Amino acid sequence: MLDKIFTVGLDLLAVVTPISIAATNLIFFPLAALWLFGAGWTWPRWPPVWGWPEKVFLVYVGVSFLSAFMGLDVRHSLREIMNKDFYILIAIVLVALVRTRAQNARLLKLFMAAGLVSAVWGLVQYAIGVNIVDKSDPYFFHLPAVLAHWPRRALNLLAMINGRVIGTRGHPLAYAECLLFNWAFAICFLLSARGRQCIPWILYIVLTGAALLVSQSRGPWIAAGIILGVAILTSSSRRAWPLVGIGLVFLLVFAAVPTLRVRAASILDLSHHSNKERMHMWRAGWQLWTSHPLLGIGPGNVKEVSVQYQNADERVWGPWGHLHSIYVNFLAERGALGLLSFLLFIGALCRELVQAMRKSAGDAWASDVYQAALLGVMGFLIGGLTEASYNTAVVIMTFYFVIGLALALARHEKVSLV
C-alpha cells in the first residue's frame, strides 16, 4: 500500500513541479508528512540518507536561527526560515524514496515532459498576444478582439505581463529560472544521444530556448548562454556541433528582433531603470551588512527596513522584499556567516555530484544526470547574481527536486543498477 502511495505521489510531483507551485505543495507536503511522521513504518524501508551536503546545511540552518534571534524581528525571521530553508526536505525525501534507477529515470522523464509543456505554453501565450499590466489590474496593453468577451481568469492564463511570457508561473523571472533546469538536462542528453535520438532533444532545446527568449529575463539569458557554452567546451562529443548551431541561431534571433536586441543591450546600460534600482538595492544591502556584518539583520527582514533606503519613486511600489541578488541578500539578512555557510553547502553538494560523475564513467545516462544537475546549480548561482532566486519558492523547489534525483541516483548506486 505504501509502495503504491509513494510511487503515485512521486510521479505526480514530477509532473506538477515544472507547472504549478500550488499543486506541488498539495502533493509534496502530504507525501513528506506520511514519510516523516510515519517513520515507524516508512523508515525501515525508506530510511533517510545523510551526506555531507545535508550536514553542512544543518550548520547553515543553525547560523540562520542565530541570525533570527539576534536580528530585528525574531518571529518574522523564524517564519522566513520555515518558508524557505526547509524546502530542502524535497531533496531529503527524494533521496529516501527513489531507490532504483528505473524509478529515477521515470521521474526525470515526467519532469522533462512537464517542462516541455511549460515551455510550449509560454510560446502559446506569446503567439496569442494578450498583454496585461498584472493579473489583478483591469488594464490591457493588448487584447485580441476575438478574446474580448472571454472570462478574466481564462485571459490571465493566456496573458503575458508587460510583454513577457510567464507560462504557468506568476512572474517571467520565476518561469525562466525554472526552465533553466530543463534546458541543462536537454543539452546533456543531446550530447550523449545516438542517431535519430538527437532530433527530439534538438527540438526540446529549441522550444525551451525560445520560451526563455520570450520571457525577456536577462539573468536567465546569461545563465542559459553560460550553461550552453560550458557544456560545449567540456564535451568531446560530435553532438556538440548542433549545440554550436543552436547557439548561433539564438544569437541571430537576438540581432534580428528589435525588442530582444534592445532588451539584451540594456544588460550593460547603467541608466536603465531596473539596473539603477538594482544598483541602489545593492548599495543599501552593503550598508545593512556593514551595520550587522556577522549575522545580518535577520532572515526576511529586508522588507522591514528597506523603506528608509528607497527614494520617493521606489516607495510608490512598497518596500523592497529582497535585494535582487542571492549574495547581497544573504549578506544583509544573514551576514557573512550566513553567506559562507550557504556557499559551503553548495560546495559540498557540487563535490558529491562531481565525485559521482567521475565514478559513472562509461554509464552515459547517469553521467548526464550528474552533469545536468551541476549545470543547473551553476545556472541557479549565475542567475542569483542579479535575482534573489533563493527567495522564490517555485525556483528553490525545482532546484531541490533536480538535486534530489541526482543525489538519489548517486547514493543508491548499487541498487540503481537493478
# chains A, B, ... in the order shown; residues from 1 in each chain; ligands from 1
>>> closest_atom_pairs(of="stretch 326-374 of chain A", to="stretch 58-76 of chain A", cutoff="6 Å", atoms="only C-alpha atoms", output="tab-separated table")
residue	atom	partner	partner_atom	distance
A:Arg334	CA	A:Ser67	CA	5.7
A:Gly338	CA	A:Val63	CA	6.0
A:Ser341	CA	A:Tyr60	CA	4.9
A:Phe342	CA	A:Tyr60	CA	5.8
>>> select_by_dssp(residues="stretch 117-245 of chain A", states="strand (DSSP E)", output="list of chain:residue names")
A:Asn131, A:Ile132, A:Phe140, A:Phe141, A:His142, A:Met160, A:Ile161
>>> write_last_selection(atoms="N, CA and C atoms", output="compact mmCIF listing (two decimals), in the first residue's frame")
# COMPACT_ATOMS: atom_id res chain seq x y z
N ASN A 131 -1.72 40.88 -23.54
CA ASN A 131 -0.66 41.55 -22.78
C ASN A 131 -1.29 42.43 -21.71
N ILE A 132 -0.96 42.14 -20.44
CA ILE A 132 -1.58 42.85 -19.33
C ILE A 132 -0.52 43.49 -18.44
N PHE A 140 -5.39 46.44 -20.13
CA PHE A 140 -4.73 45.57 -21.10
C PHE A 140 -3.87 46.42 -22.02
N PHE A 141 -2.61 46.03 -22.20
CA PHE A 141 -1.80 46.64 -23.24
C PHE A 141 -2.32 46.21 -24.61
N HIS A 142 -2.70 44.93 -24.69
CA HIS A 142 -3.24 44.40 -25.94
C HIS A 142 -4.18 43.25 -25.64
N MET A 160 0.53 37.51 -21.25
CA MET A 160 1.87 37.95 -20.89
C MET A 160 1.72 39.12 -19.92
N ILE A 161 2.79 39.37 -19.18
CA ILE A 161 2.83 40.54 -18.30
C ILE A 161 3.89 41.50 -18.82
>>> closest_atom_pairs(of="stretch 333-390 of chain A", to="stretch 275-299 of chain A", cutoff="10 Å", atoms="only C-alpha atoms", output="CSV")
residue,atom,partner,partner_atom,distance
A:Glu333,CA,A:Gly296,CA,4.5
A:Arg334,CA,A:Gly296,CA,4.3
A:Gly335,CA,A:Gly296,CA,3.9
A:Ala336,CA,A:Leu294,CA,5.0
A:Leu337,CA,A:Leu294,CA,5.6
A:Gly338,CA,A:Leu295,CA,6.6
A:Leu339,CA,A:Leu295,CA,9.3
A:Thr386,CA,A:Arg278,CA,7.7
A:Glu387,CA,A:Arg278,CA,9.3
>>> write_last_selection(atoms="N, CA, C and O atoms", output="CSV table (one decimal), in the first residue's frame")
chain,number,residue,atom,x,y,z
A,333,GLU,N,20.9,40.0,5.3
A,333,GLU,CA,20.0,39.3,6.2
A,333,GLU,C,20.6,38.3,7.2
A,333,GLU,O,20.2,38.2,8.3
A,334,ARG,N,21.6,37.6,6.7
A,334,ARG,CA,22.2,36.5,7.5
A,334,ARG,C,23.7,36.8,7.7
A,334,ARG,O,24.4,35.9,8.4
A,335,GLY,N,24.3,37.9,7.2
A,335,GLY,CA,25.6,38.2,7.4
A,335,GLY,C,26.6,37.4,6.7
A,335,GLY,O,26.3,36.5,6.0
A,336,ALA,N,27.9,37.6,7.0
A,336,ALA,CA,29.0,36.9,6.4
A,336,ALA,C,28.9,35.4,6.7
A,336,ALA,O,29.2,34.5,5.9
A,337,LEU,N,28.5,35.1,8.0
A,337,LEU,CA,28.5,33.7,8.4
A,337,LEU,C,27.3,32.9,7.6
A,337,LEU,O,27.5,31.8,7.2
A,338,GLY,N,26.2,33.6,7.4
A,338,GLY,CA,25.1,33.0,6.6
A,338,GLY,C,25.5,32.7,5.2
A,338,GLY,O,25.3,31.6,4.7
A,339,LEU,N,26.1,33.7,4.5
A,339,LEU,CA,26.5,33.5,3.1
A,339,LEU,C,27.6,32.4,3.0
A,339,LEU,O,27.5,31.6,2.2
A,386,THR,N,22.0,38.5,-10.0
A,386,THR,CA,21.1,39.7,-10.1
A,386,THR,C,19.6,39.4,-9.7
A,386,THR,O,18.8,40.3,-9.8
A,387,GLU,N,19.3,38.2,-9.3
A,387,GLU,CA,18.0,37.9,-8.8
A,387,GLU,C,18.1,37.1,-7.5
A,387,GLU,O,19.0,36.3,-7.3
>>> closest_residue(among="A:Leu36, A:Val130, A:Thr234, A:Ala113", to="A:Ile92", atoms="only C-alpha atoms")
A:Leu36
>>> residues_around(residues="A:Ala119", least_positions_apart="5", cutoff="12 Å", atoms="only C-alpha atoms", output="number ranges by chain")
A: 18-19, 112-114, 124-126, 165-169, 172, 175-183, 203-215
>>> write_last_selection(atoms="C-alpha atoms", output="PDB file, in the first residue's frame")
ATOM      1  CA  PRO A  18       7.588  22.436 -13.547  1.00  0.00           C
ATOM      2  CA  ILE A  19       3.993  23.663 -13.880  1.00  0.00           C
ATOM      3  CA  MET A 112      11.174  16.825 -18.649  1.00  0.00           C
ATOM      4  CA  ALA A 113       7.802  16.238 -20.332  1.00  0.00           C
ATOM      5  CA  ALA A 114       6.098  18.685 -17.964  1.00  0.00           C
ATOM      6  CA  VAL A 124       1.388  29.919 -26.992  1.00  0.00           C
ATOM      7  CA  GLN A 125       0.997  32.993 -24.768  1.00  0.00           C
ATOM      8  CA  TYR A 126       3.444  34.875 -26.960  1.00  0.00           C
ATOM      9  CA  VAL A 165       5.602  35.439 -21.065  1.00  0.00           C
ATOM     10  CA  ILE A 166       5.094  33.771 -17.688  1.00  0.00           C
ATOM     11  CA  GLY A 167       3.919  30.281 -18.686  1.00  0.00           C
ATOM     12  CA  THR A 168       2.031  28.867 -15.729  1.00  0.00           C
ATOM     13  CA  ARG A 169       4.062  30.919 -13.241  1.00  0.00           C
ATOM     14  CA  PRO A 172       8.569  35.835 -16.043  1.00  0.00           C
ATOM     15  CA  TYR A 175       9.280  30.972 -15.235  1.00  0.00           C
ATOM     16  CA  ALA A 176      12.676  31.384 -16.896  1.00  0.00           C
ATOM     17  CA  GLU A 177      14.714  30.338 -13.858  1.00  0.00           C
ATOM     18  CA  CYS A 178      12.772  27.071 -13.585  1.00  0.00           C
ATOM     19  CA  LEU A 179      13.193  26.351 -17.310  1.00  0.00           C
ATOM     20  CA  LEU A 180      16.982  26.570 -16.915  1.00  0.00           C
ATOM     21  CA  PHE A 181      16.975  23.140 -15.236  1.00  0.00           C
ATOM     22  CA  ASN A 182      15.135  21.552 -18.188  1.00  0.00           C
ATOM     23  CA  TRP A 183      17.486  23.388 -20.561  1.00  0.00           C
ATOM     24  CA  LEU A 203      13.657  20.194 -30.781  1.00  0.00           C
ATOM     25  CA  TYR A 204      13.381  20.272 -26.972  1.00  0.00           C
ATOM     26  CA  ILE A 205      16.337  22.660 -26.689  1.00  0.00           C
ATOM     27  CA  VAL A 206      14.952  24.938 -29.415  1.00  0.00           C
ATOM     28  CA  LEU A 207      11.496  25.151 -27.799  1.00  0.00           C
ATOM     29  CA  THR A 208      12.876  25.678 -24.295  1.00  0.00           C
ATOM     30  CA  GLY A 209      15.344  28.258 -25.576  1.00  0.00           C
ATOM     31  CA  ALA A 210      12.575  30.068 -27.452  1.00  0.00           C
ATOM     32  CA  ALA A 211      10.491  30.170 -24.254  1.00  0.00           C
ATOM     33  CA  LEU A 212      13.483  31.606 -22.389  1.00  0.00           C
ATOM     34  CA  LEU A 213      13.850  34.240 -25.095  1.00  0.00           C
ATOM     35  CA  VAL A 214      10.257  35.459 -24.951  1.00  0.00           C
ATOM     36  CA  SER A 215      10.346  35.594 -21.158  1.00  0.00           C
TER      37      SER A 215
END
>>> select_by_dssp(residues="stretch 317-358 of chain A", states="helix (DSSP H, G or I)", output="ChimeraX atom specification")
/A:326-358
>>> write_last_selection(atoms="N, CA, C and O atoms", output="compact mmCIF listing (two decimals), in the first residue's frame")
# COMPACT_ATOMS: atom_id res chain seq x y z
N ILE A 326 21.05 36.94 -4.64
CA ILE A 326 21.19 35.95 -3.56
C ILE A 326 22.27 36.40 -2.59
O ILE A 326 22.08 36.38 -1.37
N TYR A 327 23.38 36.82 -3.14
CA TYR A 327 24.57 37.07 -2.34
C TYR A 327 24.43 38.33 -1.49
O TYR A 327 24.76 38.33 -0.30
N VAL A 328 23.94 39.41 -2.09
CA VAL A 328 23.72 40.64 -1.34
C VAL A 328 22.65 40.42 -0.28
O VAL A 328 22.76 40.88 0.85
N ASN A 329 21.61 39.68 -0.66
CA ASN A 329 20.51 39.43 0.28
C ASN A 329 20.98 38.61 1.48
O ASN A 329 20.62 38.89 2.62
N PHE A 330 21.80 37.58 1.21
CA PHE A 330 22.35 36.78 2.31
C PHE A 330 23.22 37.63 3.23
O PHE A 330 23.14 37.52 4.45
N LEU A 331 24.09 38.46 2.65
CA LEU A 331 24.95 39.30 3.46
C LEU A 331 24.14 40.25 4.34
O LEU A 331 24.43 40.41 5.53
N ALA A 332 23.10 40.86 3.76
CA ALA A 332 22.29 41.81 4.52
C ALA A 332 21.48 41.12 5.61
O ALA A 332 21.41 41.61 6.74
N GLU A 333 20.88 39.98 5.29
CA GLU A 333 19.95 39.34 6.22
C GLU A 333 20.62 38.32 7.15
O GLU A 333 20.19 38.18 8.31
N ARG A 334 21.63 37.61 6.67
CA ARG A 334 22.24 36.54 7.49
C ARG A 334 23.73 36.76 7.72
O ARG A 334 24.38 35.94 8.37
N GLY A 335 24.25 37.85 7.19
CA GLY A 335 25.63 38.23 7.45
C GLY A 335 26.64 37.35 6.73
O GLY A 335 26.30 36.45 5.96
N ALA A 336 27.91 37.62 7.02
CA ALA A 336 28.99 36.87 6.39
C ALA A 336 28.94 35.39 6.74
O ALA A 336 29.22 34.52 5.90
N LEU A 337 28.55 35.07 7.97
CA LEU A 337 28.46 33.66 8.37
C LEU A 337 27.35 32.94 7.61
O LEU A 337 27.50 31.77 7.24
N GLY A 338 26.23 33.63 7.38
CA GLY A 338 25.13 33.03 6.64
C GLY A 338 25.51 32.75 5.20
O GLY A 338 25.25 31.65 4.68
N LEU A 339 26.11 33.73 4.52
CA LEU A 339 26.53 33.53 3.13
C LEU A 339 27.59 32.45 3.04
O LEU A 339 27.52 31.57 2.16
N LEU A 340 28.57 32.47 3.93
CA LEU A 340 29.65 31.48 3.89
C LEU A 340 29.10 30.06 4.09
O LEU A 340 29.47 29.13 3.36
N SER A 341 28.21 29.88 5.06
CA SER A 341 27.67 28.54 5.31
C SER A 341 26.81 28.06 4.15
O SER A 341 26.81 26.87 3.81
N PHE A 342 26.09 28.97 3.49
CA PHE A 342 25.30 28.58 2.32
C PHE A 342 26.21 28.15 1.18
O PHE A 342 25.97 27.13 0.51
N LEU A 343 27.29 28.91 0.94
CA LEU A 343 28.22 28.56 -0.13
C LEU A 343 28.95 27.25 0.18
O LEU A 343 29.26 26.48 -0.73
N LEU A 344 29.21 26.98 1.45
CA LEU A 344 29.80 25.70 1.83
C LEU A 344 28.85 24.55 1.53
O LEU A 344 29.27 23.47 1.09
N PHE A 345 27.55 24.78 1.75
CA PHE A 345 26.54 23.77 1.40
C PHE A 345 26.56 23.50 -0.10
O PHE A 345 26.57 22.34 -0.54
N ILE A 346 26.58 24.57 -0.90
CA ILE A 346 26.62 24.41 -2.36
C ILE A 346 27.91 23.68 -2.76
O ILE A 346 27.90 22.80 -3.63
N GLY A 347 29.03 24.02 -2.11
CA GLY A 347 30.29 23.36 -2.41
C GLY A 347 30.24 21.87 -2.09
O GLY A 347 30.72 21.04 -2.87
N ALA A 348 29.68 21.51 -0.94
CA ALA A 348 29.56 20.09 -0.57
C ALA A 348 28.67 19.34 -1.55
O ALA A 348 28.94 18.20 -1.92
N LEU A 349 27.60 20.00 -1.99
CA LEU A 349 26.67 19.42 -2.95
C LEU A 349 27.38 19.15 -4.28
O LEU A 349 27.31 18.05 -4.84
N CYS A 350 28.09 20.15 -4.78
CA CYS A 350 28.78 20.00 -6.06
C CYS A 350 29.89 18.96 -5.97
O CYS A 350 30.12 18.19 -6.91
N ARG A 351 30.57 18.92 -4.83
CA ARG A 351 31.64 17.93 -4.65
C ARG A 351 31.08 16.51 -4.76
O ARG A 351 31.68 15.65 -5.42
N GLU A 352 29.95 16.26 -4.13
CA GLU A 352 29.36 14.92 -4.19
C GLU A 352 28.93 14.57 -5.62
O GLU A 352 29.12 13.44 -6.08
N LEU A 353 28.37 15.54 -6.33
CA LEU A 353 27.93 15.28 -7.70
C LEU A 353 29.11 15.07 -8.64
O LEU A 353 29.06 14.22 -9.54
N VAL A 354 30.18 15.82 -8.44
CA VAL A 354 31.39 15.64 -9.27
C VAL A 354 31.99 14.26 -9.03
O VAL A 354 32.37 13.56 -9.98
N GLN A 355 32.07 13.85 -7.78
CA GLN A 355 32.60 12.52 -7.46
C GLN A 355 31.74 11.43 -8.09
O GLN A 355 32.25 10.44 -8.63
N ALA A 356 30.41 11.60 -8.02
CA ALA A 356 29.51 10.62 -8.62
C ALA A 356 29.68 10.56 -10.13
O ALA A 356 29.66 9.49 -10.73
N MET A 357 29.89 11.72 -10.76
CA MET A 357 30.05 11.77 -12.21
C MET A 357 31.34 11.05 -12.62
O MET A 357 31.37 10.33 -13.62
N ARG A 358 32.40 11.23 -11.84
CA ARG A 358 33.66 10.55 -12.15
C ARG A 358 33.52 9.04 -12.03
O ARG A 358 34.07 8.28 -12.83
>>> closest_residue(among="A:Ser389, A:Thr24, A:Thr17, A:Gln310", to="A:Gly115", atoms="only C-alpha atoms")
A:Thr17
>>> closest_residue(among="A:Gly9, A:Pro242, A:Gly38, A:Gly321", to="A:Leu107", atoms="only C-alpha atoms")
A:Gly9
>>> closest_residue(among="A:Gly318, A:Gly229, A:Pro200, A:Pro48", to="A:Leu94", atoms="only C-alpha atoms")
A:Pro48
>>> residues_around(residues="A:Met1", least_positions_apart="6", cutoff="12 Å", atoms="only C-alpha atoms", output="list of chain:residue names")
A:Thr7, A:Val8, A:Trp41, A:Thr42
>>> closest_residue(among="A:Ala223, A:Leu252, A:Ala127, A:Trp52", to="A:Met378", atoms="only C-alpha atoms")
A:Ala223
>>> atom_distance(atom1="atom CA of A:Leu108", atom2="atom CA of A:Val402")
8.5 Å
>>> closest_residue(among="A:Gly383, A:Pro44, A:Gly51, A:Gly376", to="A:Arg411", atoms="only C-alpha atoms")
A:Gly51
>>> atom_distance(atom1="atom CA of A:Leu385", atom2="atom CA of A:Lys84")
18.5 Å
